[in-house]
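my_file.json (JSON, C-alpha atoms and all ligand atoms) appears below.
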[["chain", "number", "residue", "atom", "x", "y", "z"],
["B", 14, "MET", "CA", 188.48, 117.97, -54.14],
["B", 15, "MET", "CA", 192.06, 119.07, -53.73],
["B", 16, "GLU", "CA", 192.44, 117.50, -50.36],
["B", 17, "HIS", "CA", 194.01, 114.29, -51.53],
["B", 18, "ILE", "CA", 197.29, 116.11, -52.14],
["B", 19, "LEU", "CA", 197.38, 116.82, -48.41],
["B", 20, "ARG", "CA", 198.21, 114.36, -45.68],
["B", 21, "PHE", "CA", 196.37, 115.06, -42.44],
["B", 22, "ALA", "CA", 197.15, 114.02, -38.91],
["B", 23, "PRO", "CA", 194.03, 111.97, -38.00],
["B", 24, "GLU", "CA", 193.24, 114.22, -35.04],
["B", 25, "VAL", "CA", 193.32, 117.34, -37.20],
["B", 26, "GLU", "CA", 191.20, 115.78, -39.92],
["B", 27, "ALA", "CA", 188.63, 114.67, -37.36],
["B", 28, "ALA", "CA", 188.49, 118.12, -35.75],
["B", 29, "LEU", "CA", 188.03, 119.87, -39.09],
["B", 30, "ALA", "CA", 185.30, 117.45, -40.13],
["B", 31, "VAL", "CA", 183.11, 118.46, -37.20],
["B", 32, "GLY", "CA", 184.12, 122.12, -36.99],
["B", 33, "ARG", "CA", 186.18, 121.92, -33.84],
["B", 34, "PRO", "CA", 188.83, 124.66, -33.38],
["B", 35, "VAL", "CA", 192.18, 124.11, -35.10],
["B", 36, "VAL", "CA", 195.21, 126.43, -35.10],
["B", 37, "ALA", "CA", 197.78, 126.19, -37.89],
["B", 38, "LEU", "CA", 201.45, 126.65, -36.95],
["B", 39, "GLU", "CA", 204.31, 127.33, -39.38],
["B", 40, "SER", "CA", 207.51, 125.34, -39.69],
["B", 41, "THR", "CA", 210.12, 127.80, -41.01],
["B", 42, "LEU", "CA", 210.52, 129.11, -37.51],
["B", 43, "ILE", "CA", 211.48, 125.58, -36.45],
["B", 44, "THR", "CA", 214.06, 125.01, -39.18],
["B", 45, "HIS", "CA", 215.32, 128.51, -39.99],
["B", 46, "GLY", "CA", 214.17, 130.77, -37.16],
["B", 47, "LEU", "CA", 215.36, 129.07, -33.98],
["B", 48, "PRO", "CA", 218.65, 127.33, -33.14],
["B", 49, "ARG", "CA", 218.81, 123.62, -32.30],
["B", 50, "PRO", "CA", 217.83, 122.08, -29.95],
["B", 51, "THR", "CA", 215.61, 124.97, -28.80],
["B", 52, "ASN", "CA", 213.70, 124.70, -32.07],
["B", 53, "LEU", "CA", 212.21, 121.29, -31.26],
["B", 54, "GLN", "CA", 211.44, 122.26, -27.67],
["B", 55, "VAL", "CA", 209.59, 125.37, -28.82],
["B", 56, "ALA", "CA", 207.72, 123.48, -31.55],
["B", 57, "ARG", "CA", 206.47, 121.05, -28.93],
["B", 58, "GLN", "CA", 205.67, 123.79, -26.42],
["B", 59, "LEU", "CA", 203.55, 125.70, -28.93],
["B", 60, "GLU", "CA", 201.48, 122.58, -29.58],
["B", 61, "VAL", "CA", 200.99, 122.13, -25.84],
["B", 62, "ASP", "CA", 199.93, 125.79, -25.56],
["B", 63, "VAL", "CA", 197.36, 125.43, -28.36],
["B", 64, "ARG", "CA", 195.89, 122.41, -26.61],
["B", 65, "ALA", "CA", 195.84, 124.19, -23.26],
["B", 66, "GLY", "CA", 193.85, 126.90, -25.02],
["B", 67, "GLY", "CA", 191.25, 124.37, -26.11],
["B", 68, "ALA", "CA", 192.17, 123.96, -29.79],
["B", 69, "ILE", "CA", 193.97, 121.33, -31.87],
["B", 70, "PRO", "CA", 197.43, 122.30, -33.19],
["B", 71, "ALA", "CA", 198.28, 121.65, -36.84],
["B", 72, "THR", "CA", 201.94, 122.29, -37.55],
["B", 73, "ILE", "CA", 202.31, 122.42, -41.32],
["B", 74, "ALA", "CA", 205.32, 121.27, -43.36],
["B", 75, "ILE", "CA", 206.28, 119.25, -46.42],
["B", 76, "LEU", "CA", 207.76, 115.87, -45.56],
["B", 77, "ARG", "CA", 209.44, 114.00, -48.41],
["B", 78, "GLY", "CA", 207.37, 115.94, -50.91],
["B", 79, "LYS", "CA", 204.05, 115.52, -49.10],
["B", 80, "PRO", "CA", 202.26, 118.59, -47.70],
["B", 81, "THR", "CA", 201.39, 117.53, -44.17],
["B", 82, "ILE", "CA", 198.75, 119.15, -41.98],
["B", 83, "GLY", "CA", 199.51, 118.30, -38.38],
["B", 84, "LEU", "CA", 202.75, 116.54, -37.48],
["B", 85, "THR", "CA", 203.21, 113.66, -35.07],
["B", 86, "ASP", "CA", 205.88, 114.14, -32.44],
["B", 87, "GLY", "CA", 208.18, 111.92, -34.48],
["B", 88, "GLN", "CA", 207.59, 114.03, -37.58],
["B", 89, "LEU", "CA", 208.28, 117.24, -35.63],
["B", 90, "GLU", "CA", 211.59, 115.77, -34.55],
["B", 91, "GLU", "CA", 212.35, 114.57, -38.08],
["B", 92, "LEU", "CA", 211.83, 118.07, -39.41],
["B", 93, "ALA", "CA", 213.66, 119.86, -36.59],
["B", 94, "THR", "CA", 216.76, 117.72, -37.06],
["B", 95, "ALA", "CA", 216.72, 117.18, -40.85],
["B", 96, "ASP", "CA", 219.45, 118.63, -43.02],
["B", 97, "HIS", "CA", 218.61, 120.41, -46.27],
["B", 98, "VAL", "CA", 215.13, 121.61, -45.50],
["B", 99, "ARG", "CA", 213.99, 124.17, -48.02],
["B", 100, "LYS", "CA", 212.31, 127.34, -46.79],
["B", 101, "CYS", "CA", 208.99, 127.32, -48.66],
["B", 102, "SER", "CA", 207.02, 130.34, -49.72],
["B", 103, "ARG", "CA", 204.47, 130.21, -52.56],
["B", 104, "ARG", "CA", 207.04, 129.72, -55.33],
["B", 105, "ASP", "CA", 208.81, 126.87, -53.51],
["B", 106, "LEU", "CA", 205.87, 124.59, -52.70],
["B", 107, "PRO", "CA", 205.60, 122.91, -56.13],
["B", 108, "ILE", "CA", 209.38, 122.47, -56.38],
["B", 109, "VAL", "CA", 209.66, 120.66, -53.05],
["B", 110, "MET", "CA", 206.67, 118.47, -53.88],
["B", 111, "ALA", "CA", 208.04, 117.55, -57.29],
["B", 112, "GLN", "CA", 211.46, 116.72, -55.89],
["B", 113, "GLY", "CA", 210.22, 114.82, -52.85],
["B", 114, "GLU", "CA", 212.13, 117.05, -50.46],
["B", 115, "TYR", "CA", 211.58, 118.45, -46.99],
["B", 116, "GLY", "CA", 210.04, 121.88, -46.93],
["B", 117, "ALA", "CA", 209.47, 124.22, -44.02],
["B", 118, "THR", "CA", 206.60, 126.57, -44.70],
["B", 119, "THR", "CA", 206.91, 130.32, -44.15],
["B", 120, "VAL", "CA", 203.90, 132.43, -43.27],
["B", 121, "ALA", "CA", 203.06, 132.55, -46.99],
["B", 122, "GLY", "CA", 203.50, 128.80, -47.51],
["B", 123, "THR", "CA", 201.59, 127.95, -44.35],
["B", 124, "MET", "CA", 198.67, 130.21, -45.30],
["B", 125, "ILE", "CA", 198.31, 128.45, -48.66],
["B", 126, "LEU", "CA", 198.28, 124.96, -47.17],
["B", 127, "ALA", "CA", 196.13, 125.94, -44.18],
["B", 128, "HIS", "CA", 193.52, 127.43, -46.49],
["B", 129, "LEU", "CA", 193.56, 124.35, -48.70],
["B", 130, "ALA", "CA", 193.05, 122.26, -45.56],
["B", 131, "GLY", "CA", 190.14, 124.39, -44.35],
["B", 132, "ILE", "CA", 191.95, 125.96, -41.38],
["B", 133, "VAL", "CA", 191.10, 129.61, -40.78],
["B", 134, "VAL", "CA", 193.36, 130.61, -37.87],
["B", 135, "PHE", "CA", 197.15, 130.58, -37.93],
["B", 136, "ALA", "CA", 199.62, 131.74, -35.29],
["B", 137, "THR", "CA", 203.23, 132.71, -35.80],
["B", 138, "GLY", "CA", 205.89, 135.03, -34.36],
["B", 139, "GLY", "CA", 206.30, 137.74, -36.92],
["B", 140, "ILE", "CA", 205.58, 138.08, -40.61],
["B", 141, "GLY", "CA", 208.05, 139.10, -43.28],
["B", 142, "GLY", "CA", 207.91, 142.61, -44.72],
["B", 143, "VAL", "CA", 209.71, 145.10, -46.89],
["B", 144, "HIS", "CA", 213.45, 145.10, -46.14],
["B", 145, "ARG", "CA", 215.11, 148.28, -44.91],
["B", 146, "GLY", "CA", 217.07, 149.89, -47.68],
["B", 147, "HIS", "CA", 215.78, 147.30, -50.18],
["B", 148, "PRO", "CA", 212.25, 148.39, -51.09],
["B", 149, "PHE", "CA", 212.05, 145.71, -53.78],
["B", 150, "ASP", "CA", 212.79, 142.92, -51.33],
["B", 151, "VAL", "CA", 209.16, 142.40, -50.36],
["B", 152, "SER", "CA", 208.37, 139.22, -48.43],
["B", 153, "ALA", "CA", 206.00, 136.83, -50.16],
["B", 154, "ASP", "CA", 204.10, 136.90, -46.84],
["B", 155, "LEU", "CA", 202.69, 140.32, -47.71],
["B", 156, "LEU", "CA", 201.43, 139.22, -51.11],
["B", 157, "GLU", "CA", 199.91, 136.09, -49.62],
["B", 158, "LEU", "CA", 198.03, 138.15, -47.05],
["B", 159, "GLY", "CA", 196.54, 139.98, -50.01],
["B", 160, "ARG", "CA", 195.16, 136.86, -51.61],
["B", 161, "THR", "CA", 194.54, 134.07, -49.11],
["B", 162, "PRO", "CA", 191.74, 134.30, -46.53],
["B", 163, "VAL", "CA", 193.42, 133.11, -43.33],
["B", 164, "ALA", "CA", 193.54, 135.03, -40.04],
["B", 165, "VAL", "CA", 197.18, 135.40, -39.02],
["B", 166, "VAL", "CA", 198.04, 136.18, -35.41],
["B", 167, "CYS", "CA", 201.53, 137.63, -34.92],
["B", 168, "ALA", "CA", 203.54, 140.07, -32.78],
["B", 169, "GLY", "CA", 203.86, 142.54, -35.60],
["B", 170, "ILE", "CA", 206.82, 143.13, -37.81],
["B", 171, "LYS", "CA", 210.42, 143.08, -36.73],
["B", 172, "SER", "CA", 212.12, 146.42, -36.88],
["B", 173, "ILE", "CA", 214.79, 144.78, -39.05],
["B", 174, "LEU", "CA", 212.20, 145.63, -41.71],
["B", 175, "ASP", "CA", 210.83, 148.86, -43.09],
["B", 176, "LEU", "CA", 207.61, 149.11, -41.09],
["B", 177, "PRO", "CA", 205.96, 152.09, -42.84],
["B", 178, "LEU", "CA", 206.54, 150.57, -46.30],
["B", 179, "THR", "CA", 205.26, 147.21, -45.06],
["B", 180, "LEU", "CA", 202.02, 148.82, -43.84],
["B", 181, "GLU", "CA", 201.65, 150.60, -47.19],
["B", 182, "LYS", "CA", 201.95, 147.31, -49.03],
["B", 183, "LEU", "CA", 199.28, 145.74, -46.83],
["B", 184, "GLU", "CA", 196.99, 148.71, -47.34],
["B", 185, "THR", "CA", 197.33, 148.54, -51.12],
["B", 186, "GLN", "CA", 196.27, 144.93, -51.02],
["B", 187, "GLY", "CA", 193.32, 145.48, -48.75],
["B", 188, "VAL", "CA", 194.59, 143.63, -45.70],
["B", 189, "PRO", "CA", 193.12, 144.88, -42.41],
["B", 190, "VAL", "CA", 195.75, 145.21, -39.69],
["B", 191, "VAL", "CA", 194.08, 144.98, -36.32],
["B", 192, "GLY", "CA", 195.74, 145.41, -32.95],
["B", 193, "TYR", "CA", 194.70, 143.18, -30.10],
["B", 194, "GLY", "CA", 194.82, 145.57, -27.15],
["B", 195, "THR", "CA", 196.82, 148.14, -29.13],
["B", 196, "ALA", "CA", 196.16, 150.93, -31.63],
["B", 197, "THR", "CA", 199.73, 150.92, -32.92],
["B", 198, "LEU", "CA", 201.86, 148.35, -34.68],
["B", 199, "PRO", "CA", 203.94, 146.17, -32.35],
["B", 200, "ALA", "CA", 207.54, 145.69, -33.53],
["B", 201, "PHE", "CA", 208.06, 142.05, -32.57],
["B", 202, "TYR", "CA", 210.77, 142.34, -29.85],
["B", 203, "THR", "CA", 209.22, 145.59, -28.64],
["B", 204, "ARG", "CA", 205.59, 146.41, -27.91],
["B", 205, "ASP", "CA", 205.14, 149.60, -29.84],
["B", 206, "SER", "CA", 206.53, 151.02, -33.08],
["B", 207, "GLY", "CA", 204.41, 154.15, -32.73],
["B", 208, "LEU", "CA", 202.85, 153.54, -36.16],
["B", 209, "PRO", "CA", 199.04, 153.67, -36.22],
["B", 210, "ILE", "CA", 197.14, 150.66, -37.55],
["B", 211, "ASP", "CA", 193.61, 150.17, -38.82],
["B", 212, "ALA", "CA", 191.70, 149.27, -35.67],
["B", 213, "ARG", "CA", 192.13, 148.35, -32.06],
["B", 214, "MET", "CA", 190.11, 145.48, -30.66],
["B", 215, "ASP", "CA", 190.03, 144.43, -27.03],
["B", 216, "SER", "CA", 187.92, 141.30, -27.16],
["B", 217, "ILE", "CA", 188.08, 138.01, -28.99],
["B", 218, "ALA", "CA", 184.40, 138.40, -29.90],
["B", 219, "GLU", "CA", 185.24, 141.54, -31.87],
["B", 220, "VAL", "CA", 188.10, 139.85, -33.72],
["B", 221, "ALA", "CA", 185.84, 136.89, -34.53],
["B", 222, "ALA", "CA", 183.20, 139.32, -35.84],
["B", 223, "LEU", "CA", 185.84, 140.87, -38.11],
["B", 224, "VAL", "CA", 186.79, 137.48, -39.55],
["B", 225, "ARG", "CA", 183.12, 136.61, -40.07],
["B", 226, "ALA", "CA", 182.43, 139.93, -41.79],
["B", 227, "ARG", "CA", 185.31, 139.33, -44.17],
["B", 228, "GLU", "CA", 183.90, 135.88, -44.92],
["B", 229, "ALA", "CA", 180.41, 137.28, -45.46],
["B", 230, "LEU", "CA", 181.78, 139.78, -47.98],
["B", 231, "GLN", "CA", 183.67, 136.95, -49.70],
["B", 232, "LEU", "CA", 186.86, 138.99, -49.63],
["B", 233, "SER", "CA", 189.89, 136.97, -50.60],
["B", 234, "GLN", "CA", 192.34, 138.77, -48.30],
["B", 235, "GLY", "CA", 193.80, 137.50, -45.10],
["B", 236, "THR", "CA", 193.36, 139.30, -41.78],
["B", 237, "LEU", "CA", 196.38, 140.37, -39.78],
["B", 238, "ILE", "CA", 195.94, 140.40, -36.02],
["B", 239, "VAL", "CA", 198.88, 141.92, -34.22],
["B", 240, "CYS", "CA", 199.45, 141.42, -30.53],
["B", 241, "PRO", "CA", 202.33, 143.00, -28.55],
["B", 242, "ILE", "CA", 204.94, 140.85, -26.83],
["B", 243, "PRO", "CA", 204.14, 140.49, -23.08],
["B", 244, "ALA", "CA", 205.67, 143.46, -21.23],
["B", 245, "GLU", "CA", 207.87, 141.31, -18.99],
["B", 246, "ALA", "CA", 209.54, 139.70, -22.02],
["B", 247, "GLU", "CA", 210.06, 142.87, -24.05],
["B", 248, "TRP", "CA", 213.60, 143.60, -25.27],
["B", 249, "PRO", "CA", 214.31, 147.26, -24.41],
["B", 250, "ALA", "CA", 213.78, 149.26, -27.60],
["B", 251, "GLN", "CA", 217.15, 151.01, -27.62],
["B", 252, "GLU", "CA", 219.04, 147.79, -27.11],
["B", 253, "ALA", "CA", 217.02, 145.96, -29.77],
["B", 254, "GLU", "CA", 217.51, 148.79, -32.28],
["B", 255, "THR", "CA", 221.28, 148.80, -31.81],
["B", 256, "ALA", "CA", 221.52, 145.03, -32.20],
["B", 257, "ILE", "CA", 219.26, 145.07, -35.25],
["B", 258, "ALA", "CA", 221.29, 147.80, -36.93],
["B", 259, "GLN", "CA", 224.43, 145.73, -36.33],
["B", 260, "ALA", "CA", 222.82, 142.55, -37.69],
["B", 261, "THR", "CA", 221.49, 144.30, -40.78],
["B", 262, "ALA", "CA", 224.90, 145.84, -41.51],
["B", 263, "GLU", "CA", 226.55, 142.45, -41.08],
["B", 264, "ALA", "CA", 224.13, 140.80, -43.53],
["B", 265, "GLU", "CA", 224.84, 143.59, -45.98],
["B", 266, "SER", "CA", 228.62, 143.30, -45.70],
["B", 267, "ARG", "CA", 228.49, 139.52, -46.11],
["B", 268, "GLY", "CA", 226.37, 139.91, -49.23],
["B", 269, "ILE", "CA", 223.54, 137.79, -47.85],
["B", 270, "SER", "CA", 220.42, 138.00, -50.00],
["B", 271, "GLY", "CA", 217.05, 136.52, -50.87],
["B", 272, "ARG", "CA", 215.55, 133.92, -48.58],
["B", 273, "ASP", "CA", 218.74, 133.77, -46.48],
["B", 274, "VAL", "CA", 218.40, 137.30, -45.11],
["B", 275, "THR", "CA", 215.74, 136.74, -42.43],
["B", 276, "PRO", "CA", 217.28, 133.51, -41.02],
["B", 277, "PHE", "CA", 220.74, 135.10, -40.96],
["B", 278, "ILE", "CA", 219.54, 138.14, -39.06],
["B", 279, "LEU", "CA", 217.58, 136.06, -36.54],
["B", 280, "GLY", "CA", 220.61, 133.85, -35.87],
["B", 281, "TYR", "CA", 222.99, 136.78, -35.63],
["B", 282, "LEU", "CA", 220.72, 138.61, -33.19],
["B", 283, "ALA", "CA", 220.51, 135.56, -30.94],
["B", 284, "GLU", "CA", 224.30, 135.42, -30.90],
["B", 285, "ILE", "CA", 225.08, 139.05, -30.18],
["B", 286, "SER", "CA", 222.29, 139.38, -27.63],
["B", 287, "ASN", "CA", 223.37, 136.30, -25.69],
["B", 288, "GLY", "CA", 220.00, 134.71, -26.24],
["B", 289, "ARG", "CA", 217.98, 137.78, -25.22],
["B", 290, "SER", "CA", 216.32, 137.95, -28.65],
["B", 291, "LEU", "CA", 215.54, 134.27, -28.46],
["B", 292, "GLU", "CA", 213.87, 134.59, -25.08],
["B", 293, "ALA", "CA", 211.67, 137.38, -26.42],
["B", 294, "ASN", "CA", 210.89, 135.38, -29.55],
["B", 295, "ILE", "CA", 209.69, 132.38, -27.54],
["B", 296, "ALA", "CA", 207.58, 134.51, -25.19],
["B", 297, "LEU", "CA", 205.77, 136.24, -28.02],
["B", 298, "LEU", "CA", 205.21, 133.00, -29.91],
["B", 299, "ARG", "CA", 203.55, 131.43, -26.87],
["B", 300, "ASN", "CA", 201.43, 134.52, -26.34],
["B", 301, "ASN", "CA", 200.27, 134.54, -29.97],
["B", 302, "VAL", "CA", 199.43, 130.86, -29.96],
["B", 303, "ARG", "CA", 197.21, 131.29, -26.90],
["B", 304, "LEU", "CA", 195.38, 134.17, -28.55],
["B", 305, "ALA", "CA", 194.94, 132.16, -31.76],
["B", 306, "ALA", "CA", 193.44, 129.26, -29.81],
["B", 307, "GLN", "CA", 190.86, 131.60, -28.32],
["B", 308, "LEU", "CA", 190.04, 132.99, -31.74],
["B", 309, "ALA", "CA", 189.71, 129.52, -33.26],
["B", 310, "LYS", "CA", 187.32, 128.61, -30.46],
["B", 311, "ALA", "CA", 185.23, 131.71, -31.00],
["B", 312, "LEU", "CA", 185.00, 130.93, -34.71],
["B", 313, "SER", "CA", 184.34, 127.22, -34.40],
["B", 314, "SER", "CA", 180.91, 125.96, -35.25],
["B", 315, "SER", "CA", 180.76, 123.07, -32.84],
["B", 316, "LEU", "CA", 181.32, 124.67, -29.45],
["O", 1, "LIG", "N1", 209.85, 136.62, -38.70],
["O", 1, "LIG", "C1", 210.28, 136.16, -37.51],
["O", 1, "LIG", "N2", 210.68, 134.88, -37.37],
["O", 1, "LIG", "C2", 210.66, 134.02, -38.43],
["O", 1, "LIG", "C3", 210.19, 134.52, -39.67],
["O", 1, "LIG", "C4", 209.81, 135.82, -39.76],
["O", 1, "LIG", "O1", 210.30, 136.93, -36.57],
["O", 1, "LIG", "O2", 211.03, 132.84, -38.27],
["O", 1, "LIG", "C5", 210.09, 133.59, -40.84],
["O", 1, "LIG", "C6", 208.62, 133.31, -41.14],
["O", 1, "LIG", "O3", 208.50, 131.97, -41.55],
["O", 1, "LIG", "C7", 208.31, 134.25, -42.28],
["O", 1, "LIG", "C8", 209.63, 134.26, -43.02],
["O", 1, "LIG", "O4", 207.26, 133.83, -43.09],
["O", 1, "LIG", "O5", 210.62, 134.24, -42.00],
["O", 1, "LIG", "C9", 209.79, 135.46, -43.93],
["O", 1, "LIG", "O6", 210.92, 135.30, -44.73],
["O", 1, "LIG", "P1", 211.18, 136.31, -45.94],
["O", 1, "LIG", "O7", 211.48, 137.63, -45.26],
["O", 1, "LIG", "O8", 212.36, 135.73, -46.67],
["O", 1, "LIG", "O9", 209.93, 136.33, -46.74],
["O", 2, "MN", "MN", 213.03, 138.57, -49.12]]
Let me see whether you can do it: turn the structure in this file into structure tokens.
Amino acid sequence: MMEHILRFAPEVEAALAVGRPVVALESTLITHGLPRPTNLQVARQLEVDVRAGGAIPATIAILRGKPTIGLTDGQLEELATADHVRKCSRRDLPIVMAQGEYGATTVAGTMILAHLAGIVVFATGGIGGVHRGHPFDVSADLLELGRTPVAVVCAGIKSILDLPLTLEKLETQGVPVVGYGTATLPAFYTRDSGLPIDARMDSIAEVAALVRAREALQLSQGTLIVCPIPAEAEWPAQEAETAIAQATAEAESRGISGRDVTPFILGYLAEISNGRSLEANIALLRNNVRLAAQLAKALSSSL
């Protein structure tokens, strides 16, 4: 049993023990993806949305070196306001644990801990990808999807990234990319990148069948479920593209690299768009979380 390295919120532990639906939520978006104090408000709202959808939320983070599955409201606040929180992908988890630090888990980091905890459904905003103009800057999220069997619900991949190369990387690793209500890849702020994906599914039952089939085959890959941002919250494509090009150029000229790139670009976009990007980000997060709750319910053994 590996579970003793994890600390569970009692409610999450109880739900998992009897097979009730649980949805994992990441924490990098709280510490590095959204500005304060919106970050804490959104973190709380997403938990409310999961509950409204009939599942138990489990926000995942490392608190003083302890991987924690499900945060109390006090712990959410502690994380959202803490200084020096490390952004944790696969490579960072053991470092933060050894040093007793705070760690906010990325999609990759959250998948690892969710899987260890026995959680199969995870909702986020967008996953990392291959960076435009930097084909060797490949997010650890993509590699994790290739090796950890968690179903990740997101709004696709931000067009700050190289979308065709990102899809190639997923294909190589055997990760099915399935559109919920779409046959093309959503581009996070906008509904449609025009790039075809592997399947379109229009019902939760179908998505649940896909996850079960993967389990039955004992495949070790994750499943990527992409769902477009609600139409009323979409950032017009032309406007988003222009802002993204500006943000990417700014990151380049400031020499920003490694794990700082994505947070910098997100922050810069929020600034130059007067919060328009932020509004879209929140809308798509809430939409994804609701979908994930439905999927967790369909997959749960006790309902
Ligand atoms: N995409 C977003 N918002 C985010 C992130 C990605 O639209 O907050 C975060 C996620 O936590 C994701 C991480 O796992 O950024 C990817 O970072 P990198 O590109 O450094 O792998
Ligand atoms: Mn990177």
### Query
Contacts of segment 55-61 of chain B at 7 Å or less, counting all atoms listed in the file, minus same-chain residues fewer than 2 places along, as a PyMOL selection string?
chain B and resi 43+51-53+63-65+70+299+302
### Nearest residue to Arg145 of chain B from the set B:Asp175, B:Asp273, B:Asp105, B:Glu254 (distances using all atoms listed in the file)
B:Asp175
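Distances to ligand LIG 1 (chain O) were evaluated for B:Pro23, B:Gly67, B:Gly142, B:Pro209 using all atoms listed in the file, and the minimum falls at B:Gly142.
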Per-residue nearest contacts chain B to ligand LIG 1 (chain O), cut-off 8 Å, using only C-alpha atoms and all ligand atoms, as CSV:
residue,atom,partner,partner_atom,distance
B:Glu39,CA,O:LIG1,O3,6.6
B:Ser40,CA,O:LIG1,O3,7.0
B:Thr41,CA,O:LIG1,O3,4.5
B:Leu42,CA,O:LIG1,O2,3.8
B:Ile43,CA,O:LIG1,O2,7.5
B:His45,CA,O:LIG1,O2,6.3
B:Gly46,CA,O:LIG1,O2,3.9
B:Leu47,CA,O:LIG1,O2,7.2
B:Lys100,CA,O:LIG1,O3,8.0
B:Ser102,CA,O:LIG1,O9,7.3
B:Thr118,CA,O:LIG1,O3,6.5
B:Thr119,CA,O:LIG1,O3,3.5
B:Val120,CA,O:LIG1,O4,3.6
B:Ala121,CA,O:LIG1,O4,5.9
B:Gly122,CA,O:LIG1,O4,7.7
B:Thr137,CA,O:LIG1,C6,7.6
B:Gly138,CA,O:LIG1,O1,5.3
B:Gly139,CA,O:LIG1,O1,4.1
B:Ile140,CA,O:LIG1,C4,4.9
B:Gly141,CA,O:LIG1,C9,4.1
B:Gly142,CA,O:LIG1,O7,6.2
B:Val143,CA,O:LIG1,O7,7.8
B:His144,CA,O:LIG1,O7,7.8
B:Val151,CA,O:LIG1,O9,7.1
B:Ser152,CA,O:LIG1,O9,3.7
B:Ala153,CA,O:LIG1,O9,5.2
B:Asp154,CA,O:LIG1,O4,5.8
B:Ile170,CA,O:LIG1,O1,7.2
B:Lys171,CA,O:LIG1,O1,6.2
B:Phe201,CA,O:LIG1,O1,6.9
B:Gly271,CA,O:LIG1,O8,6.3
B:Arg272,CA,O:LIG1,O8,4.1
B:Asp273,CA,O:LIG1,O8,6.7
B:Val274,CA,O:LIG1,O8,6.4
B:Thr275,CA,O:LIG1,O7,5.2
B:Pro276,CA,O:LIG1,O5,6.8
B:Leu279,CA,O:LIG1,N2,7.0
B:Asn294,CA,O:LIG1,O1,7.2
### Task
Give the answer as one residue: which of B:Thr161, B:Thr81, B:Thr255, B:Thr94 has the shortest atom-to-atom distance to Gly235 of chain B, using all atoms listed in the file?
B:Thr161
### Query
If you count only C-alpha atoms, which residues fall within 12 Å of Glu252 of chain B, apart from same-chain ones fewer than 4 positions away, as number ranges by chain?
B: 202-203, 247-248, 256-259, 282, 285-286, 289-290
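With all atoms listed in the file as the basis for measurement, B:Ala264 is the residue among B:Ala212, B:Ala264, B:Ala306, B:Val220 that approaches Phe277 of chain B most closely.
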## Note on the structure
Residue with the minimum atom-to-atom distance to Gly194 of chain B, picked from B:Gly280, B:Gly131, B:Pro241, B:Gly113 with all atoms listed in the file counted, is B:Pro241
#### Entry: Atom-to-atom span, atom CA of Ser216 of chain B and atom CA of Thr72 of chain B, Å
25.8 Å
